[in-house]
$ cat data.pdb   # PDB, C-alpha atoms, pLDDT in the B column
ATOM      1  CA  MET Z   1      25.512  14.391  -2.961  1.00 82.00           C
ATOM      2  CA  LEU Z   2      23.601  11.208  -3.747  1.00 77.00           C
ATOM      3  CA  GLN Z   3      26.183  10.197  -6.312  1.00 78.00           C
ATOM      4  CA  HIS Z   4      28.977  10.802  -3.797  1.00 79.00           C
ATOM      5  CA  LEU Z   5      27.183   8.761  -1.133  1.00 81.00           C
ATOM      6  CA  THR Z   6      26.522   5.826  -3.451  1.00 78.00           C
ATOM      7  CA  GLN Z   7      29.820   5.738  -5.352  1.00 78.00           C
ATOM      8  CA  VAL Z   8      32.441   7.048  -2.922  1.00 79.00           C
ATOM      9  CA  GLU Z   9      30.943   6.168   0.449  1.00 79.00           C
ATOM     10  CA  ASN Z  10      29.462   2.896  -0.927  1.00 83.00           C
ATOM     11  CA  ILE Z  11      26.114   3.438   0.768  1.00 84.00           C
ATOM     12  CA  ARG Z  12      23.405   1.283  -0.753  1.00 88.00           C
ATOM     13  CA  ILE Z  13      20.440   3.014  -2.357  1.00 84.00           C
ATOM     14  CA  ILE Z  14      18.006   1.041  -0.203  1.00 87.00           C
ATOM     15  CA  ASP Z  15      19.749   2.314   2.952  1.00 86.00           C
ATOM     16  CA  LEU Z  16      19.707   5.883   1.669  1.00 85.00           C
ATOM     17  CA  SER Z  17      16.023   5.633   0.867  1.00 84.00           C
ATOM     18  CA  LYS Z  18      15.232   4.483   4.418  1.00 89.00           C
ATOM     19  CA  LYS Z  19      17.235   7.328   5.971  1.00 87.00           C
ATOM     20  CA  LEU Z  20      15.699   9.955   3.655  1.00 87.00           C
ATOM     21  CA  GLY Z  21      12.192   8.505   3.812  1.00 90.00           C
ATOM     22  CA  ILE Z  22      11.787   8.286   0.036  1.00 88.00           C
ATOM     23  CA  LYS Z  23      11.430   5.367  -2.350  1.00 90.00           C
ATOM     24  CA  PRO Z  24      14.593   3.776  -3.793  1.00 87.00           C
ATOM     25  CA  SER Z  25      13.206   4.231  -7.308  1.00 86.00           C
ATOM     26  CA  TYR Z  26      13.061   8.001  -6.777  1.00 83.00           C
ATOM     27  CA  ILE Z  27      16.739   8.034  -5.780  1.00 86.00           C
ATOM     28  CA  CYS Z  28      17.560   6.059  -8.937  1.00 85.00           C
ATOM     29  CA  HIS Z  29      15.603   8.576 -11.030  1.00 85.00           C
ATOM     30  CA  ILE Z  30      17.554  11.446  -9.479  1.00 85.00           C
ATOM     31  CA  LEU Z  31      20.886   9.667 -10.019  1.00 85.00           C
ATOM     32  CA  ARG Z  32      20.014   9.109 -13.697  1.00 88.00           C
ATOM     33  CA  LEU Z  33      19.648  12.873 -14.121  1.00 89.00           C
ATOM     34  CA  ASN Z  34      23.455  13.099 -13.801  1.00 86.00           C
ATOM     35  CA  ARG Z  35      23.743  11.491 -17.264  1.00 86.00           C
ATOM     36  CA  ILE Z  36      21.931  14.369 -18.940  1.00 91.00           C
ATOM     37  CA  PRO Z  37      24.196  16.811 -20.818  1.00 92.00           C
ATOM     38  CA  ASP Z  38      24.462  20.349 -19.412  1.00 92.00           C
ATOM     39  CA  ILE Z  39      22.820  21.904 -22.486  1.00 93.00           C
ATOM     40  CA  ILE Z  40      19.627  19.977 -21.707  1.00 94.00           C
ATOM     41  CA  ILE Z  41      19.757  21.007 -18.044  1.00 92.00           C
ATOM     42  CA  ASP Z  42      20.040  24.603 -19.287  1.00 93.00           C
ATOM     43  CA  GLY Z  43      16.927  23.968 -21.372  1.00 92.00           C
ATOM     44  CA  TYR Z  44      15.093  22.949 -18.204  1.00 93.00           C
ATOM     45  CA  TYR Z  45      16.189  26.070 -16.336  1.00 94.00           C
ATOM     46  CA  GLY Z  46      15.212  28.122 -19.395  1.00 94.00           C
ATOM     47  CA  LYS Z  47      11.720  26.539 -19.170  1.00 93.00           C
ATOM     48  CA  GLN Z  48      12.022  24.925 -22.610  1.00 93.00           C
ATOM     49  CA  ILE Z  49      11.284  21.475 -21.159  1.00 94.00           C
ATOM     50  CA  SER Z  50       9.709  20.216 -17.945  1.00 94.00           C
ATOM     51  CA  ILE Z  51      11.151  18.114 -15.144  1.00 93.00           C
ATOM     52  CA  SER Z  52       9.003  15.235 -16.419  1.00 94.00           C
ATOM     53  CA  HIS Z  53      10.796  15.465 -19.777  1.00 96.00           C
ATOM     54  CA  LEU Z  54      14.141  15.289 -17.938  1.00 94.00           C
ATOM     55  CA  PHE Z  55      13.183  12.189 -15.986  1.00 93.00           C
ATOM     56  CA  ILE Z  56      11.958  10.458 -19.140  1.00 94.00           C
ATOM     57  CA  ILE Z  57      14.975  11.219 -21.328  1.00 95.00           C
ATOM     58  CA  SER Z  58      17.306  10.242 -18.477  1.00 93.00           C
ATOM     59  CA  ARG Z  59      16.241   6.632 -19.125  1.00 92.00           C
ATOM     60  CA  LEU Z  60      18.473   6.718 -22.205  1.00 94.00           C
ATOM     61  CA  LYS Z  61      22.141   5.851 -21.663  1.00 91.00           C
ATOM     62  CA  ASP Z  62      23.628   7.072 -24.948  1.00 91.00           C
ATOM     63  CA  PRO Z  63      24.301  10.844 -24.908  1.00 91.00           C
ATOM     64  CA  SER Z  64      23.684  11.102 -28.668  1.00 93.00           C
ATOM     65  CA  GLN Z  65      20.244   9.502 -28.266  1.00 94.00           C
ATOM     66  CA  ILE Z  66      19.496  11.854 -25.379  1.00 94.00           C
ATOM     67  CA  MET Z  67      20.364  14.815 -27.610  1.00 94.00           C
ATOM     68  CA  GLN Z  68      18.253  13.453 -30.486  1.00 94.00           C
ATOM     69  CA  VAL Z  69      15.184  13.143 -28.265  1.00 95.00           C
ATOM     70  CA  TYR Z  70      15.828  16.571 -26.731  1.00 96.00           C
ATOM     71  CA  GLU Z  71      16.024  18.124 -30.190  1.00 95.00           C
ATOM     72  CA  ARG Z  72      12.736  16.416 -31.127  1.00 94.00           C
ATOM     73  CA  ILE Z  73      11.109  17.762 -27.956  1.00 95.00           C
ATOM     74  CA  LEU Z  74      12.116  21.295 -28.917  1.00 95.00           C
ATOM     75  CA  ALA Z  75      11.463  21.028 -32.659  1.00 94.00           C
ATOM     76  CA  ASP Z  76       8.115  19.211 -32.452  1.00 95.00           C
ATOM     77  CA  ASN Z  77       6.997  20.567 -29.061  1.00 94.00           C
ATOM     78  CA  LEU Z  78       6.551  16.990 -27.785  1.00 94.00           C
ATOM     79  CA  THR Z  79       4.297  16.351 -24.818  1.00 95.00           C
ATOM     80  CA  VAL Z  80       5.431  14.152 -21.955  1.00 94.00           C
ATOM     81  CA  ILE Z  81       3.506  11.185 -23.411  1.00 92.00           C
ATOM     82  CA  GLN Z  82       5.019  11.729 -26.861  1.00 93.00           C
ATOM     83  CA  THR Z  83       8.457  11.950 -25.233  1.00 95.00           C
ATOM     84  CA  GLU Z  84       7.832   8.612 -23.471  1.00 92.00           C
ATOM     85  CA  GLU Z  85       7.016   7.052 -26.840  1.00 89.00           C
ATOM     86  CA  ALA Z  86      10.158   8.519 -28.437  1.00 93.00           C
ATOM     87  CA  VAL Z  87      12.321   7.163 -25.597  1.00 93.00           C
ATOM     88  CA  ARG Z  88      10.582   3.766 -25.807  1.00 89.00           C
ATOM     89  CA  GLU Z  89      11.359   3.639 -29.527  1.00 89.00           C
ATOM     90  CA  LYS Z  90      15.037   4.348 -28.812  1.00 90.00           C
ATOM     91  CA  LEU Z  91      15.267   1.835 -25.956  1.00 89.00           C
ATOM     92  CA  HIS Z  92      13.353  -1.063 -27.475  1.00 83.00           C
ATOM     93  CA  GLN Z  93      13.335  -0.286 -31.231  1.00 82.00           C
ATOM     94  CA  ILE Z  94       9.557  -0.719 -31.158  1.00 75.00           C
ATOM     95  CA  LYS Z  95       7.032   1.793 -32.385  1.00 75.00           C
ATOM     96  CA  THR Z  96       3.922   2.215 -30.299  1.00 70.00           C
ATOM     97  CA  ALA Z  97       1.212   1.265 -32.757  1.00 72.00           C
ATOM     98  CA  GLY Z  98      -1.953  -0.758 -32.532  1.00 79.00           C
ATOM     99  CA  SER Z  99      -4.084  -1.356 -29.507  1.00 84.00           C
ATOM    100  CA  ARG Z 100      -4.387  -3.862 -26.709  1.00 85.00           C
ATOM    101  CA  LEU Z 101      -7.017  -6.560 -26.644  1.00 91.00           C
ATOM    102  CA  THR Z 102     -10.136  -5.335 -24.911  1.00 92.00           C
ATOM    103  CA  ALA Z 103     -11.041  -6.910 -21.592  1.00 92.00           C
ATOM    104  CA  ASP Z 104     -13.947  -8.676 -23.308  1.00 94.00           C
ATOM    105  CA  GLU Z 105     -11.663 -10.124 -26.004  1.00 93.00           C
ATOM    106  CA  ALA Z 106      -9.119 -11.349 -23.453  1.00 93.00           C
ATOM    107  CA  THR Z 107     -11.880 -12.903 -21.346  1.00 93.00           C
ATOM    108  CA  HIS Z 108     -13.344 -14.589 -24.434  1.00 94.00           C
ATOM    109  CA  TYR Z 109      -9.999 -16.184 -25.368  1.00 93.00           C
ATOM    110  CA  ILE Z 110      -9.270 -17.341 -21.825  1.00 93.00           C
ATOM    111  CA  ASP Z 111     -12.803 -18.759 -21.509  1.00 93.00           C
ATOM    112  CA  THR Z 112     -12.277 -20.607 -24.808  1.00 91.00           C
ATOM    113  CA  ILE Z 113      -9.115 -22.217 -23.453  1.00 91.00           C
ATOM    114  CA  LYS Z 114     -10.911 -23.213 -20.253  1.00 91.00           C
ATOM    115  CA  SER Z 115     -13.866 -24.711 -22.123  1.00 90.00           C
ATOM    116  CA  LYS Z 116     -11.761 -26.739 -24.612  1.00 89.00           C
ATOM    117  CA  TYR Z 117      -9.246 -27.963 -22.042  1.00 89.00           C
ATOM    118  CA  LYS Z 118     -10.889 -28.647 -18.685  1.00 85.00           C
ATOM    119  CA  ASN Z 119      -7.650 -28.710 -16.704  1.00 89.00           C
ATOM    120  CA  ALA Z 120      -6.256 -25.529 -18.308  1.00 91.00           C
ATOM    121  CA  SER Z 121      -6.547 -21.847 -17.504  1.00 91.00           C
ATOM    122  CA  GLY Z 122      -4.865 -18.841 -19.007  1.00 92.00           C
ATOM    123  CA  LYS Z 123      -3.815 -15.260 -18.638  1.00 94.00           C
ATOM    124  CA  ILE Z 124      -3.032 -12.537 -21.185  1.00 94.00           C
ATOM    125  CA  ILE Z 125      -0.562  -9.799 -20.256  1.00 93.00           C
ATOM    126  CA  GLN Z 126       0.082  -6.904 -22.644  1.00 91.00           C
ATOM    127  CA  THR Z 127       2.429  -3.957 -22.381  1.00 85.00           C
ATOM    128  CA  ARG Z 128       3.483  -1.479 -25.029  1.00 77.00           C
ATOM    129  CA  ILE Z 129       6.609  -3.466 -25.861  1.00 79.00           C
ATOM    130  CA  LYS Z 130       5.540  -7.095 -25.467  1.00 85.00           C
ATOM    131  CA  SER Z 131       2.621  -9.427 -24.862  1.00 91.00           C
ATOM    132  CA  LYS Z 132       2.475 -12.708 -23.039  1.00 94.00           C
ATOM    133  CA  LEU Z 133      -0.016 -15.558 -23.181  1.00 93.00           C
ATOM    134  CA  VAL Z 134       0.293 -17.863 -20.189  1.00 94.00           C
ATOM    135  CA  ILE Z 135      -1.508 -21.207 -20.288  1.00 93.00           C
ATOM    136  CA  GLU Z 136      -1.455 -23.178 -17.070  1.00 93.00           C
ATOM    137  CA  VAL Z 137      -2.348 -26.854 -17.145  1.00 93.00           C
ATOM    138  CA  LYS Z 138      -3.029 -28.555 -13.814  1.00 93.00           C
ATOM    139  CA  GLY Z 139      -2.619 -32.251 -13.168  1.00 91.00           C
ATOM    140  CA  GLY Z 140      -0.036 -34.999 -13.317  1.00 91.00           C
ATOM    141  CA  LEU Z 141       2.560 -35.263 -16.075  1.00 91.00           C
ATOM    142  CA  ALA Z 142       0.579 -37.832 -18.037  1.00 87.00           C
ATOM    143  CA  GLU Z 143      -2.465 -35.557 -18.155  1.00 88.00           C
ATOM    144  CA  THR Z 144      -0.664 -32.220 -18.598  1.00 92.00           C
ATOM    145  CA  SER Z 145       1.676 -33.488 -21.319  1.00 92.00           C
ATOM    146  CA  GLY Z 146      -1.304 -34.674 -23.339  1.00 90.00           C
ATOM    147  CA  THR Z 147      -3.110 -31.351 -22.963  1.00 90.00           C
ATOM    148  CA  ILE Z 148      -0.024 -29.360 -23.899  1.00 91.00           C
ATOM    149  CA  LYS Z 149       0.516 -31.529 -26.983  1.00 91.00           C
ATOM    150  CA  ARG Z 150      -3.118 -31.020 -28.084  1.00 89.00           C
ATOM    151  CA  ILE Z 151      -2.810 -27.238 -27.663  1.00 89.00           C
ATOM    152  CA  LEU Z 152       0.490 -27.086 -29.559  1.00 90.00           C
ATOM    153  CA  ASP Z 153      -0.815 -29.372 -32.325  1.00 91.00           C
ATOM    154  CA  ARG Z 154      -3.633 -26.883 -32.908  1.00 89.00           C
ATOM    155  CA  LEU Z 155      -1.107 -24.024 -33.158  1.00 86.00           C
ATOM    156  CA  THR Z 156       1.252 -25.690 -35.623  1.00 86.00           C
ATOM    157  CA  PRO Z 157       0.292 -26.205 -39.267  1.00 81.00           C
TER     158      PRO Z 157
END

$ encode --input "data.pdb" --output "structure tokens"
Amino acid sequence: MLQHLTQVENIRIIDLSKKLGIKPSYICHILRLNRIPDIIIDGYYGKQISISHLFIISRLKDPSQIMQVYERILADNLTVIQTEEAVREKLHQIKTAGSRLTADEATHYIDTIKSKYKNASGKIIQTRIKSKLVIEVKGGLAETSGTIKRILDRLTP
């Protein structure tokens, strides 16, 4: 019904979510379930996989990748977390390995930036698929350009 309303009746997901009283992201999750092959849906009804597994593998667009992950779930008895990692590997071609910086390490590095460059501050953002170091330099162009050059000179050999 949701697919009919969004594709045939051209009702926006945000409008549907308001009328149904649920979040738009939940509607998108449900709509993605339509991409899952029937054999996998049968596996859900046969209690071979959980609804959480279905929602996670529905993130994949390629039916062959969906089947590969489904087969791994059955063969290796993957948990929901392991399934998330398998899907992440397929989507981003990145293996989940290593660990994030601790809060103390991140604070140490940001404090180092602040102490060496008085008009600079920083922020470290890490996810499982990418990390970002943001350095913000406050002041006029003459001052900020000089600070940025000093930081970049230290980074380049």

$ residues_around --input "data.pdb" --residues "Thr107 (chain Z)" --least-positions-apart "5" --cutoff "9 Å" --atoms "only C-alpha atoms" --output "number ranges by chain"
Z: 102, 112, 123-124

$ residues_around --input "data.pdb" --residues "region 83-97 of chain Z" --least-positions-apart "4" --cutoff "8 Å" --atoms "all atoms listed in the file" --output "PyMOL selection string"
chain Z and resi 53+56-57+59-60+65+69+73+78-79+128-129

$ residues_around --input "data.pdb" --residues "Glu143 (chain Z)" --least-positions-apart "4" --cutoff "12 Å" --atoms "only C-alpha atoms" --output "PyMOL selection string"
chain Z and resi 117-120+137-139+147-150

$ residues_around --input "data.pdb" --residues "Pro37 (chain Z)" --least-positions-apart "6" --cutoff "9 Å" --atoms "all atoms listed in the file" --output "count of residues only"
3

$ closest_residue --input "data.pdb" --among "Z:Lys114, Z:Val134, Z:Ser52, Z:Ile39" --to "Val80 (chain Z)" --atoms "only C-alpha atoms"
Z:Ser52

$ closest_residue --input "data.pdb" --among "Z:Ile13, Z:Ile81, Z:Leu133, Z:Leu31" --to "Ser58 (chain Z)" --atoms "only C-alpha atoms"
Z:Leu31

$ atom_distance --input "data.pdb" --atom1 "CA of Glu71 (chain Z)" --atom2 "CA of Cys28 (chain Z)"
24.5 Å

$ atom_distance --input "data.pdb" --atom1 "CA of Ser131 (chain Z)" --atom2 "CA of Leu101 (chain Z)"
10.2 Å

$ closest_residue --input "data.pdb" --among "Z:Ile14, Z:Ala106, Z:Ile113, Z:Leu155" --to "Ile125 (chain Z)" --atoms "all atoms listed in the file"
Z:Ala106

$ atom_distance --input "data.pdb" --atom1 "CA of Pro24 (chain Z)" --atom2 "CA of Gln68 (chain Z)"
28.6 Å

$ resolve_selection --input "data.pdb" --expression "the PyMOL selection byres ((chain Z and resi 49) around 10)" --output "PDB file with C-alpha atoms, keeping the file's coordinate frame"
ATOM      1  CA  ILE Z  40      19.627  19.977 -21.707  1.00 94.00           C
ATOM      2  CA  ILE Z  41      19.757  21.007 -18.044  1.00 92.00           C
ATOM      3  CA  ASP Z  42      20.040  24.603 -19.287  1.00 93.00           C
ATOM      4  CA  GLY Z  43      16.927  23.968 -21.372  1.00 92.00           C
ATOM      5  CA  TYR Z  44      15.093  22.949 -18.204  1.00 93.00           C
ATOM      6  CA  TYR Z  45      16.189  26.070 -16.336  1.00 94.00           C
ATOM      7  CA  GLY Z  46      15.212  28.122 -19.395  1.00 94.00           C
ATOM      8  CA  LYS Z  47      11.720  26.539 -19.170  1.00 93.00           C
ATOM      9  CA  GLN Z  48      12.022  24.925 -22.610  1.00 93.00           C
ATOM     10  CA  SER Z  50       9.709  20.216 -17.945  1.00 94.00           C
ATOM     11  CA  ILE Z  51      11.151  18.114 -15.144  1.00 93.00           C
ATOM     12  CA  SER Z  52       9.003  15.235 -16.419  1.00 94.00           C
ATOM     13  CA  HIS Z  53      10.796  15.465 -19.777  1.00 96.00           C
ATOM     14  CA  LEU Z  54      14.141  15.289 -17.938  1.00 94.00           C
ATOM     15  CA  TYR Z  70      15.828  16.571 -26.731  1.00 96.00           C
ATOM     16  CA  ILE Z  73      11.109  17.762 -27.956  1.00 95.00           C
ATOM     17  CA  LEU Z  74      12.116  21.295 -28.917  1.00 95.00           C
ATOM     18  CA  ASN Z  77       6.997  20.567 -29.061  1.00 94.00           C
ATOM     19  CA  LEU Z  78       6.551  16.990 -27.785  1.00 94.00           C
ATOM     20  CA  THR Z  79       4.297  16.351 -24.818  1.00 95.00           C
ATOM     21  CA  VAL Z  80       5.431  14.152 -21.955  1.00 94.00           C
TER      22      VAL Z  80
END

$ resolve_selection --input "data.pdb" --expression "the PyMOL selection byres ((chain Z and resi 2-5) around 12)" --output "PDB file with C-alpha atoms, in the frame of the given file"
ATOM      1  CA  MET Z   1      25.512  14.391  -2.961  1.00 82.00           C
ATOM      2  CA  THR Z   6      26.522   5.826  -3.451  1.00 78.00           C
ATOM      3  CA  GLN Z   7      29.820   5.738  -5.352  1.00 78.00           C
ATOM      4  CA  VAL Z   8      32.441   7.048  -2.922  1.00 79.00           C
ATOM      5  CA  GLU Z   9      30.943   6.168   0.449  1.00 79.00           C
ATOM      6  CA  ASN Z  10      29.462   2.896  -0.927  1.00 83.00           C
ATOM      7  CA  ILE Z  11      26.114   3.438   0.768  1.00 84.00           C
ATOM      8  CA  ARG Z  12      23.405   1.283  -0.753  1.00 88.00           C
ATOM      9  CA  ILE Z  13      20.440   3.014  -2.357  1.00 84.00           C
ATOM     10  CA  ASP Z  15      19.749   2.314   2.952  1.00 86.00           C
ATOM     11  CA  LEU Z  16      19.707   5.883   1.669  1.00 85.00           C
ATOM     12  CA  SER Z  17      16.023   5.633   0.867  1.00 84.00           C
ATOM     13  CA  LEU Z  20      15.699   9.955   3.655  1.00 87.00           C
ATOM     14  CA  PRO Z  24      14.593   3.776  -3.793  1.00 87.00           C
ATOM     15  CA  TYR Z  26      13.061   8.001  -6.777  1.00 83.00           C
ATOM     16  CA  ILE Z  27      16.739   8.034  -5.780  1.00 86.00           C
ATOM     17  CA  CYS Z  28      17.560   6.059  -8.937  1.00 85.00           C
ATOM     18  CA  HIS Z  29      15.603   8.576 -11.030  1.00 85.00           C
ATOM     19  CA  ILE Z  30      17.554  11.446  -9.479  1.00 85.00           C
ATOM     20  CA  LEU Z  31      20.886   9.667 -10.019  1.00 85.00           C
ATOM     21  CA  ARG Z  32      20.014   9.109 -13.697  1.00 88.00           C
ATOM     22  CA  LEU Z  33      19.648  12.873 -14.121  1.00 89.00           C
ATOM     23  CA  ASN Z  34      23.455  13.099 -13.801  1.00 86.00           C
ATOM     24  CA  ARG Z  35      23.743  11.491 -17.264  1.00 86.00           C
TER      25      ARG Z  35
END

$ closest_residue --input "data.pdb" --among "Z:Arg72, Z:Ser25, Z:Gly122, Z:Lys132" --to "Phe55 (chain Z)" --atoms "all atoms listed in the file"
Z:Ser25

$ axis_aligned_box --input "data.pdb" --around "region 65-84 of chain Z" --padding-each-side "4 Å" --output "AutoDock Vina command-line options"
--center_x 11.9 --center_y 15.0 --center_z -27.3 --size_x 24.9 --size_y 20.7 --size_z 18.7

$ build_atoms --input "data.pdb" --residues "region 50-65 of chain Z" --atoms "N, CA and C atoms" --output "CSV table (one decimal), keeping the file's coordinate frame"
chain,number,residue,atom,x,y,z
Z,50,SER,N,10.1,20.4,-19.3
Z,50,SER,CA,9.7,20.2,-17.9
Z,50,SER,C,10.6,19.2,-17.2
Z,51,ILE,N,10.4,19.1,-15.9
Z,51,ILE,CA,11.2,18.1,-15.1
Z,51,ILE,C,10.7,16.7,-15.6
Z,52,SER,N,9.5,16.5,-16.0
Z,52,SER,CA,9.0,15.2,-16.4
Z,52,SER,C,9.8,14.8,-17.7
Z,53,HIS,N,10.0,15.8,-18.6
Z,53,HIS,CA,10.8,15.5,-19.8
Z,53,HIS,C,12.2,15.0,-19.4
Z,54,LEU,N,12.8,15.7,-18.4
Z,54,LEU,CA,14.1,15.3,-17.9
Z,54,LEU,C,14.2,13.9,-17.4
Z,55,PHE,N,13.2,13.5,-16.6
Z,55,PHE,CA,13.2,12.2,-16.0
Z,55,PHE,C,13.0,11.1,-17.1
Z,56,ILE,N,12.2,11.4,-18.1
Z,56,ILE,CA,12.0,10.5,-19.1
Z,56,ILE,C,13.2,10.3,-20.0
Z,57,ILE,N,13.8,11.4,-20.5
Z,57,ILE,CA,15.0,11.2,-21.3
Z,57,ILE,C,16.2,10.7,-20.6
Z,58,SER,N,16.2,10.8,-19.2
Z,58,SER,CA,17.3,10.2,-18.5
Z,58,SER,C,17.3,8.7,-18.5
Z,59,ARG,N,16.3,8.1,-19.0
Z,59,ARG,CA,16.2,6.6,-19.1
Z,59,ARG,C,17.2,6.2,-20.2
Z,60,LEU,N,17.5,7.1,-21.1
Z,60,LEU,CA,18.5,6.7,-22.2
Z,60,LEU,C,19.9,6.8,-21.7
Z,61,LYS,N,20.7,5.9,-22.1
Z,61,LYS,CA,22.1,5.9,-21.7
Z,61,LYS,C,23.1,6.6,-22.6
Z,62,ASP,N,22.8,6.5,-23.9
Z,62,ASP,CA,23.6,7.1,-24.9
Z,62,ASP,C,23.4,8.6,-25.1
Z,63,PRO,N,24.5,9.4,-24.8
Z,63,PRO,CA,24.3,10.8,-24.9
Z,63,PRO,C,23.8,11.3,-26.3
Z,64,SER,N,24.2,10.7,-27.4
Z,64,SER,CA,23.7,11.1,-28.7
Z,64,SER,C,22.2,10.9,-28.8
Z,65,GLN,N,21.7,9.8,-28.2
Z,65,GLN,CA,20.2,9.5,-28.3
Z,65,GLN,C,19.5,10.5,-27.4
